[in-house]
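Colleague: Let me give you the structure first, and then I'll get to my questions.
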Amino acid sequence: MKDGLLVGIGLLVCLWYLSFSATRLDRLHHRVETSWANLDGLLQRRAAVALELAHSDLADPASSLFLTAAAYEAREASIEDRSQAESGLSGALGLLQVDMQLEVQPAEQALLAEISELTKKIKVAIAIHVDAVNRTRTVRNKMIFKIFRLAGNAPLPMTYEFEHDAL
Amino acid sequence: MSELKPLRIGIVCPYGWDTPGGVQNHVRDLAEYLLMQGHMVSVLAPAVDEDALPSFVVSAGKPIAIPYNGAVARVLFGPVAFARVRQWISHGNFDLLHLHEPAIPSLSLLACWAAEGPMVGTFHAASKKQRAIFAVGPILEPVIEKLSVRIAVSEAARLTLTEHLETDAIVIPNGIFAERFRNGSARPQWIGNTLGFMGRFEEPRKGLSVLLDALPIVARAIPNVRLLIMGPGESEDVMKDVDPQVAGRISFLGRLNDEEKSDFLSSLSLYVAPNTGGESFGIILAEAMAAGAAVVASDIPAFAALLGDGLYGALFESENAVDLANKIIELLRDDEKRTALALGGQEHAKIFDWDNIAEQIFSVYEMSMVGSGPVRLASDTRSWSRLLNRRGDD
């Protein structure tokens with residue numbers, strides 16, 4: 001009788017822990033998705049602003065061409081090539097910003113300010129996303145998650161390698 | 001940021017609201033800044049005197065004193081406090097929670113456990129390896145993991161976090177109202193060759209004894225040097241160990257209000273921070289710099305980082321009174337160098353202004369809320385059906 005009670009309690013604790021762990025992993029998966037959506041949105045916005053810059057009076061034909069190409073590449077890149085394409089865009093923007101110190105009209109000034117604002121946010125968004133991915137991978141490697149297949153069929157999140165210095 | 005939709009923000013302060021401290025000041029300033037921006041802010045904190053609280057603070061009960069990190073921490077936990085936390089969360093309808101120091105046993109940890117939704121955590125403390133933290137790591141980990149974004153107030157705090165809990169954080173420093181300090185005006189009784197010290201001077205880690213040992217050496221080179229000490233404590237206990245020859249040069253000012261504090265810092269020749277450790281950020285250095293005082297500080301990691309490795313203030317070898325004395329003498333004798341240091345420091349202090357810091361924090365708030373609903377109680381969402389349904393919907 002007493003043994004039965006203990007086994008029952010033990011089972012309940014195990015079930016609770018499984019439920020707790022499943023919730024935990026579910027939350028992490030959710031965070032990987034939302035942090036990626038956030039980062040993706042910011043990067044798209046940056047590409048759009050870069051295109052506007054390329055079409056402004058500020059850019060000479062050569063840098064305009066360069067910037068347009070980089071922006072399109074970043075927009076259309078597949079997930080595997082994304083980080084490389086984005087770094088390319090960062091580089092192109094960096095070149096332009098160095099050249100543009102000279103005389104800047106208010107309209108272009110606003111675009112440049114928006115770019116630097118976005119860059120700051122993107123840095124934070126990258127840190128958040130990378131952390132979410134790493135965390136999820138660490139947790140999924142734990143025994144209990146493997147044995148009970150708590151991750152279900154969710155794909156293992158990909159680490160998104162951004163070079164910090166490129167931004 | 002003011003043109004955005006106002007948010008309902010819940011901030012949890014783990015330490016007693018009545019006792020002065022870095023975390024409490026940070027929470028108060030942040031809450032006031034966010035309120036000024038038009039957001040709805042509610043702060044949950046332990047408090048002794050519930051009648052003396054500002055309107056935006058909700059008391060969770062009286063704090064309990066426990067020894068922690070070499071000092072006494074006034075925290076609050078237990079079933080009654082937990083119930084208060086849950087009640088505050090469910091009645092608050094918050095868009096997001098900002099939890100301070102969620103890794104210490106207090107209200108923030110309870111809130112992190114109880115809530116589900118966008119949560120930002122700020123880690124203030126920096127400490128060397130603590131066995132206790134390692135031991136509780138596996139318990140804390142899943143809780144800390146619930147935070148959507150983690151902020152560390154300094155590189156030192158970030159390192160502590162990565163070492164203890166294997167998780168990364170974004171560094172956003174503490175904020176100061178730089179304007180208030182810039183507007184401080186020198187008072188005649190505090191000018192001259194004056195050295196300033198501020199803080200709870202009885203605590204050994206504040207390092208007042210190092211400065212008191214250095215004072216006789218300084219006095220030999222600079223005959224009219226004086227030391228002004230501001231802060232709460234028993235001055236008799238300190239004075240009985242002091243070299244009698246310099247006793248007359250030391251004055252205790254007790255506690256000062258905000259205006260007196262900025263005047264005090266603006267009047268000094270040098271602000272001295274001889275802390276021997278246990279500091280994570282060093283807000284007082286930022287304040288002293290903003291007020292236009294030249295700063296001499298011990299070379300502990302937090303201070304070295306804040307002073308740009310000596311660019312914005314002089315550093316001396318921690319706990320070395322002779323080195324401190326030499327640095328003080330050098331600067332008191334060289335007006336030009338001292339003024340240059342003070343001006344550079346004042347310029348540098350602008351990056352700690354709330355206008356700048358709050359914008360960074362707010363941008364983190366925005367990101368933490370992407371794709372999530374408002375804050376709810378975890379118990380409303382965690383249920384058996386969730387586990388059973390999982391296999392089906394994947």
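Note on naming: chains are A, B, ... as they come in the structure tokens, residues start from 1 per chain, ligands start from 1 in the order shown.
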What's the 10 Å shell around B:Val218, counting only C-alpha atoms, without same-chain residues fewer than 3 positions away, as a list in words?
Modeller: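 Those residues are Leu211, Asp213, Ala214, Leu215, Ala221, Ile222, Pro223, Asn224, Val225, Arg226, Val246, Val322, Leu324, Ala325, Asn326, Lys327, Ile328, Ile329, Glu330 and Leu332 of chain B.
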Colleague: Could you pull the residues within 6 Å of stretch 146-153 of chain A, counting only C-alpha atoms, minus those fewer than 2 positions along the same chain, as an NGL selection string?
Modeller: :A and (22 or 143-144)
Colleague: Could you save those same residues with C-alpha atoms as a PDB file, in the first residue's frame?
Modeller:
```pdb
ATOM      1  CA  ALA A  22       8.389  19.984 -23.000  1.00  0.00           C
ATOM      2  CA  MET A 143      19.500  13.126 -22.228  1.00  0.00           C
ATOM      3  CA  ILE A 144      15.907  13.540 -21.204  1.00  0.00           C
TER       4      ILE A 144
END
```
Colleague: If we count only C-alpha atoms, which residues of chain A reach to within 8 Å of chain B? Please list them as a VMD selection string.
Modeller: chain A and resid 18 to 20 22 to 24 27 31 34 to 35 38 121 124 to 125 127 to 128 131 135 152 to 154
Colleague: Neighbours of B:His26 within 12 Å (only C-alpha atoms; same-chain residues fewer than 2 positions away dropped), as an MDAnalysis selection string?
Modeller: chainID B and resid 11:15 17 20:24 28:33 43 100:101 122:124 153 173:177 281 283 352 354 357:358
Colleague: Write out, as a CSV table (one decimal), in the first residue's frame, the residues just selected, with N, CA and C atoms.
Modeller:
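Contents of result_36.csv, freshly written:
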```
chain,number,residue,atom,x,y,z
B,11,ILE,N,8.1,46.3,-13.7
B,11,ILE,CA,9.5,46.2,-13.3
B,11,ILE,C,9.6,45.5,-11.9
B,12,VAL,N,10.4,44.6,-11.8
B,12,VAL,CA,10.6,43.9,-10.4
B,12,VAL,C,12.0,44.3,-9.9
B,13,CYS,N,12.0,44.8,-8.7
B,13,CYS,CA,13.2,45.2,-8.0
B,13,CYS,C,13.4,44.1,-6.8
B,14,PRO,N,14.5,43.4,-6.8
B,14,PRO,CA,14.6,42.4,-5.8
B,14,PRO,C,15.0,42.8,-4.4
B,15,TYR,N,15.5,44.0,-4.3
B,15,TYR,CA,16.0,44.5,-3.0
B,15,TYR,C,15.0,45.5,-2.4
B,17,TRP,N,13.1,48.5,-1.1
B,17,TRP,CA,13.1,49.8,-1.7
B,17,TRP,C,13.6,50.9,-0.8
B,20,PRO,N,19.2,52.3,0.4
B,20,PRO,CA,19.8,52.8,-0.8
B,20,PRO,C,20.7,51.8,-1.4
B,21,GLY,N,20.8,51.7,-2.8
B,21,GLY,CA,21.6,50.8,-3.4
B,21,GLY,C,21.6,51.0,-4.9
B,22,GLY,N,22.6,50.5,-5.6
B,22,GLY,CA,22.7,50.7,-7.0
B,22,GLY,C,21.5,50.2,-7.8
B,23,VAL,N,21.0,49.0,-7.5
B,23,VAL,CA,19.9,48.4,-8.3
B,23,VAL,C,18.6,49.2,-8.0
B,24,GLN,N,18.4,49.6,-6.8
B,24,GLN,CA,17.2,50.4,-6.5
B,24,GLN,C,17.2,51.7,-7.2
B,28,ARG,N,14.5,52.9,-10.0
B,28,ARG,CA,13.8,54.1,-9.8
B,28,ARG,C,13.9,55.1,-11.0
B,29,ASP,N,15.2,55.3,-11.4
B,29,ASP,CA,15.5,56.2,-12.5
B,29,ASP,C,14.8,55.7,-13.8
B,30,LEU,N,15.0,54.4,-14.0
B,30,LEU,CA,14.4,53.9,-15.3
B,30,LEU,C,12.9,54.0,-15.3
B,31,ALA,N,12.2,53.7,-14.1
B,31,ALA,CA,10.8,53.8,-14.0
B,31,ALA,C,10.4,55.3,-14.3
B,32,GLU,N,11.1,56.2,-13.6
B,32,GLU,CA,10.7,57.6,-13.8
B,32,GLU,C,10.9,58.1,-15.3
B,33,TYR,N,12.0,57.6,-15.9
B,33,TYR,CA,12.2,58.0,-17.3
B,33,TYR,C,11.1,57.4,-18.2
B,43,VAL,N,6.2,49.2,-10.5
B,43,VAL,CA,7.4,48.5,-9.9
B,43,VAL,C,7.0,47.7,-8.7
B,100,HIS,N,14.9,42.5,-12.5
B,100,HIS,CA,16.3,42.9,-12.1
B,100,HIS,C,16.9,41.8,-11.2
B,101,GLU,N,18.1,41.4,-11.5
B,101,GLU,CA,18.8,40.4,-10.7
B,101,GLU,C,18.0,39.1,-10.6
B,122,THR,N,17.8,42.0,-16.2
B,122,THR,CA,19.0,42.7,-16.1
B,122,THR,C,19.9,42.2,-15.0
B,123,PHE,N,21.1,41.9,-15.3
B,123,PHE,CA,22.0,41.3,-14.3
B,123,PHE,C,23.0,42.4,-13.9
B,124,HIS,N,23.0,42.7,-12.7
B,124,HIS,CA,23.9,43.8,-12.2
B,124,HIS,C,25.2,43.3,-11.6
B,153,VAL,N,24.9,44.8,-17.0
B,153,VAL,CA,25.2,46.3,-16.9
B,153,VAL,C,26.6,46.6,-17.2
B,173,PRO,N,25.0,49.7,-20.2
B,173,PRO,CA,25.4,50.2,-18.8
B,173,PRO,C,24.3,50.8,-18.0
B,174,ASN,N,24.6,51.1,-16.8
B,174,ASN,CA,23.6,51.8,-15.9
B,174,ASN,C,23.5,53.3,-16.4
B,175,GLY,N,22.4,53.9,-16.1
B,175,GLY,CA,22.2,55.2,-16.6
B,175,GLY,C,22.3,56.3,-15.5
B,176,ILE,N,22.6,57.5,-15.9
B,176,ILE,CA,22.6,58.6,-14.9
B,176,ILE,C,21.9,59.8,-15.6
B,177,PHE,N,21.4,60.7,-14.8
B,177,PHE,CA,20.8,61.9,-15.3
B,177,PHE,C,22.0,62.9,-15.4
B,281,PHE,N,29.9,47.9,-11.9
B,281,PHE,CA,29.8,48.9,-12.9
B,281,PHE,C,30.5,50.2,-12.4
B,283,ILE,N,28.7,53.2,-10.9
B,283,ILE,CA,27.9,54.3,-11.4
B,283,ILE,C,28.4,55.7,-10.8
B,352,PHE,N,26.5,57.6,-20.8
B,352,PHE,CA,25.7,57.0,-19.7
B,352,PHE,C,24.4,57.7,-19.4
B,354,TRP,N,20.7,58.9,-19.4
B,354,TRP,CA,19.5,58.2,-19.6
B,354,TRP,C,18.9,58.3,-21.0
B,357,ILE,N,20.8,55.6,-22.7
B,357,ILE,CA,20.6,54.3,-22.1
B,357,ILE,C,19.2,53.8,-22.3
B,358,ALA,N,18.2,54.6,-22.0
B,358,ALA,CA,16.8,54.2,-22.0
B,358,ALA,C,16.4,53.8,-23.4
```
Colleague: If you run DSSP on the backbone here, which positions in stretch 71-107 of chain B get alpha helix (DSSP H)? Please write them as a PyMOL selection string.
Modeller: chain B and resi 79-92+107
Colleague: Leaving out B:Leu227 and any residue of its chain fewer than 6 positions from it, which residues lie within 10 Å of it when counting only C-alpha atoms, given as a ChimeraX atom specification?
Modeller: /B:190,193-197,211-212,215,246-252,268,270-272
Colleague: Rounded to one decimal, what separation in Å do you get between atom CA of A:Leu156 and atom CA of A:Ala77?
Modeller: 20.8 Å
Colleague: Please measure the separation of atom CA of B:Leu159 and atom CA of B:Ala302, giving the value in Å to one decimal.
Modeller: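 Straight-line distance from atom CA of B:Leu159 to atom CA of B:Ala302 works out to 11.3 Å.
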Colleague: One number please: atom CA of B:Pro63 to atom CA of B:Val48, in Å, one decimal.
Modeller: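 Atom CA of B:Pro63 sits 6.9 Å away from atom CA of B:Val48.
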Colleague: For B:Asp95, find every residue with an atom within 12 Å (counting only C-alpha atoms), except residues of its own chain fewer than 2 positions away, and show them as an mmCIF file with N, CA and C atoms, in the first residue's frame.
Modeller:
```cif
data_model
loop_
_atom_site.group_PDB
_atom_site.id
_atom_site.type_symbol
_atom_site.label_atom_id
_atom_site.label_comp_id
_atom_site.auth_asym_id
_atom_site.auth_seq_id
_atom_site.Cartn_x
_atom_site.Cartn_y
_atom_site.Cartn_z
ATOM 1 N N LYS B 5 3.322 53.549 -29.422
ATOM 2 C CA LYS B 5 2.191 53.217 -28.553
ATOM 3 C C LYS B 5 2.697 53.013 -27.126
ATOM 4 N N PRO B 6 2.046 53.645 -26.142
ATOM 5 C CA PRO B 6 2.534 53.461 -24.768
ATOM 6 C C PRO B 6 2.412 51.996 -24.326
ATOM 7 N N LEU B 7 3.391 51.553 -23.577
ATOM 8 C CA LEU B 7 3.405 50.166 -23.127
ATOM 9 C C LEU B 7 3.042 50.086 -21.651
ATOM 10 N N ARG B 8 2.566 48.900 -21.259
ATOM 11 C CA ARG B 8 2.377 48.633 -19.829
ATOM 12 C C ARG B 8 3.563 47.790 -19.384
ATOM 13 N N ILE B 9 4.428 48.399 -18.589
ATOM 14 C CA ILE B 9 5.680 47.751 -18.227
ATOM 15 C C ILE B 9 5.686 47.436 -16.738
ATOM 16 N N GLY B 10 5.993 46.195 -16.408
ATOM 17 C CA GLY B 10 6.129 45.802 -15.012
ATOM 18 C C GLY B 10 7.602 45.598 -14.693
ATOM 19 N N ILE B 11 8.107 46.301 -13.694
ATOM 20 C CA ILE B 11 9.512 46.161 -13.316
ATOM 21 C C ILE B 11 9.577 45.538 -11.927
ATOM 22 N N HIS B 39 4.761 55.970 -20.754
ATOM 23 C CA HIS B 39 4.403 54.572 -20.574
ATOM 24 C C HIS B 39 3.771 54.360 -19.207
ATOM 25 N N MET B 40 3.068 53.220 -19.069
ATOM 26 C CA MET B 40 2.501 52.875 -17.780
ATOM 27 C C MET B 40 3.524 51.964 -17.090
ATOM 28 N N VAL B 41 3.973 52.341 -15.916
ATOM 29 C CA VAL B 41 4.990 51.556 -15.234
ATOM 30 C C VAL B 41 4.522 51.188 -13.834
ATOM 31 N N SER B 42 4.700 49.910 -13.484
ATOM 32 C CA SER B 42 4.466 49.495 -12.113
ATOM 33 C C SER B 42 5.704 48.764 -11.622
ATOM 34 N N ILE B 89 1.136 40.134 -11.209
ATOM 35 C CA ILE B 89 1.243 39.824 -12.641
ATOM 36 C C ILE B 89 -0.148 39.699 -13.268
ATOM 37 N N SER B 90 -1.054 38.981 -12.582
ATOM 38 C CA SER B 90 -2.344 38.737 -13.223
ATOM 39 C C SER B 90 -3.203 40.003 -13.253
ATOM 40 N N GLY B 92 -1.882 43.086 -13.489
ATOM 41 C CA GLY B 92 -1.176 44.180 -14.161
ATOM 42 C C GLY B 92 -1.422 44.279 -15.652
ATOM 43 N N ASN B 93 -1.826 43.182 -16.312
ATOM 44 C CA ASN B 93 -1.999 43.172 -17.775
ATOM 45 C C ASN B 93 -0.785 43.756 -18.481
ATOM 46 N N LEU B 97 7.618 42.297 -18.847
ATOM 47 C CA LEU B 97 8.192 42.414 -17.508
ATOM 48 C C LEU B 97 9.687 42.666 -17.634
ATOM 49 N N HIS B 98 10.200 43.540 -16.787
ATOM 50 C CA HIS B 98 11.640 43.761 -16.727
ATOM 51 C C HIS B 98 12.108 43.353 -15.323
ATOM 52 N N ALA B 115 5.677 33.879 -14.417
ATOM 53 C CA ALA B 115 5.131 34.526 -15.619
ATOM 54 C C ALA B 115 5.516 33.798 -16.902
ATOM 55 N N GLU B 116 4.750 34.086 -17.917
ATOM 56 C CA GLU B 116 5.012 33.564 -19.255
ATOM 57 C C GLU B 116 4.791 34.733 -20.211
ATOM 58 N N GLY B 117 5.690 34.912 -21.170
ATOM 59 C CA GLY B 117 5.536 36.028 -22.101
ATOM 60 C C GLY B 117 6.823 36.821 -22.212
ATOM 61 N N PRO B 118 6.763 38.027 -22.793
ATOM 62 C CA PRO B 118 7.988 38.806 -22.975
ATOM 63 C C PRO B 118 8.594 39.225 -21.632
ATOM 64 N N MET B 119 9.818 38.784 -21.406
ATOM 65 C CA MET B 119 10.499 39.154 -20.157
ATOM 66 C C MET B 119 11.933 39.530 -20.473
ATOM 67 N N VAL B 120 12.362 40.643 -19.906
ATOM 68 C CA VAL B 120 13.742 41.088 -20.052
ATOM 69 C C VAL B 120 14.380 41.017 -18.672
ATOM 70 N N TYR B 365 13.308 46.105 -25.331
ATOM 71 C CA TYR B 365 11.909 45.828 -25.013
ATOM 72 C C TYR B 365 11.144 45.463 -26.285
ATOM 73 N N GLU B 366 11.327 46.302 -27.311
ATOM 74 C CA GLU B 366 10.603 46.080 -28.566
ATOM 75 C C GLU B 366 10.904 44.706 -29.123
ATOM 76 N N SER B 368 11.973 42.070 -27.544
ATOM 77 C CA SER B 368 11.493 40.969 -26.713
ATOM 78 C C SER B 368 10.006 40.719 -26.942
ATOM 79 N N MET B 369 9.309 41.712 -27.466
ATOM 80 C CA MET B 369 7.868 41.561 -27.613
ATOM 81 C C MET B 369 7.465 41.042 -28.984
ATOM 82 N N VAL B 370 8.419 40.964 -29.917
ATOM 83 C CA VAL B 370 8.078 40.511 -31.265
ATOM 84 C C VAL B 370 7.486 39.106 -31.210
ATOM 85 N N GLY B 371 6.332 38.949 -31.768
ATOM 86 C CA GLY B 371 5.739 37.623 -31.889
ATOM 87 C C GLY B 371 5.203 37.034 -30.602
ATOM 88 N N SER B 372 5.109 37.817 -29.539
ATOM 89 C CA SER B 372 4.542 37.274 -28.306
ATOM 90 C C SER B 372 3.365 38.122 -27.875
ATOM 91 N N GLY B 373 2.471 37.502 -27.176
ATOM 92 C CA GLY B 373 1.336 38.241 -26.623
ATOM 93 C C GLY B 373 1.755 38.919 -25.343
ATOM 94 N N PRO B 374 0.781 39.395 -24.571
ATOM 95 C CA PRO B 374 1.121 40.036 -23.297
ATOM 96 C C PRO B 374 1.603 39.014 -22.255
ATOM 97 N N VAL B 375 2.029 39.522 -21.114
ATOM 98 C CA VAL B 375 2.501 38.665 -20.031
ATOM 99 C C VAL B 375 1.318 37.973 -19.355
ATOM 100 N N ARG B 376 1.442 36.665 -19.165
ATOM 101 C CA ARG B 376 0.393 35.913 -18.473
ATOM 102 C C ARG B 376 1.029 35.114 -17.343
#
```
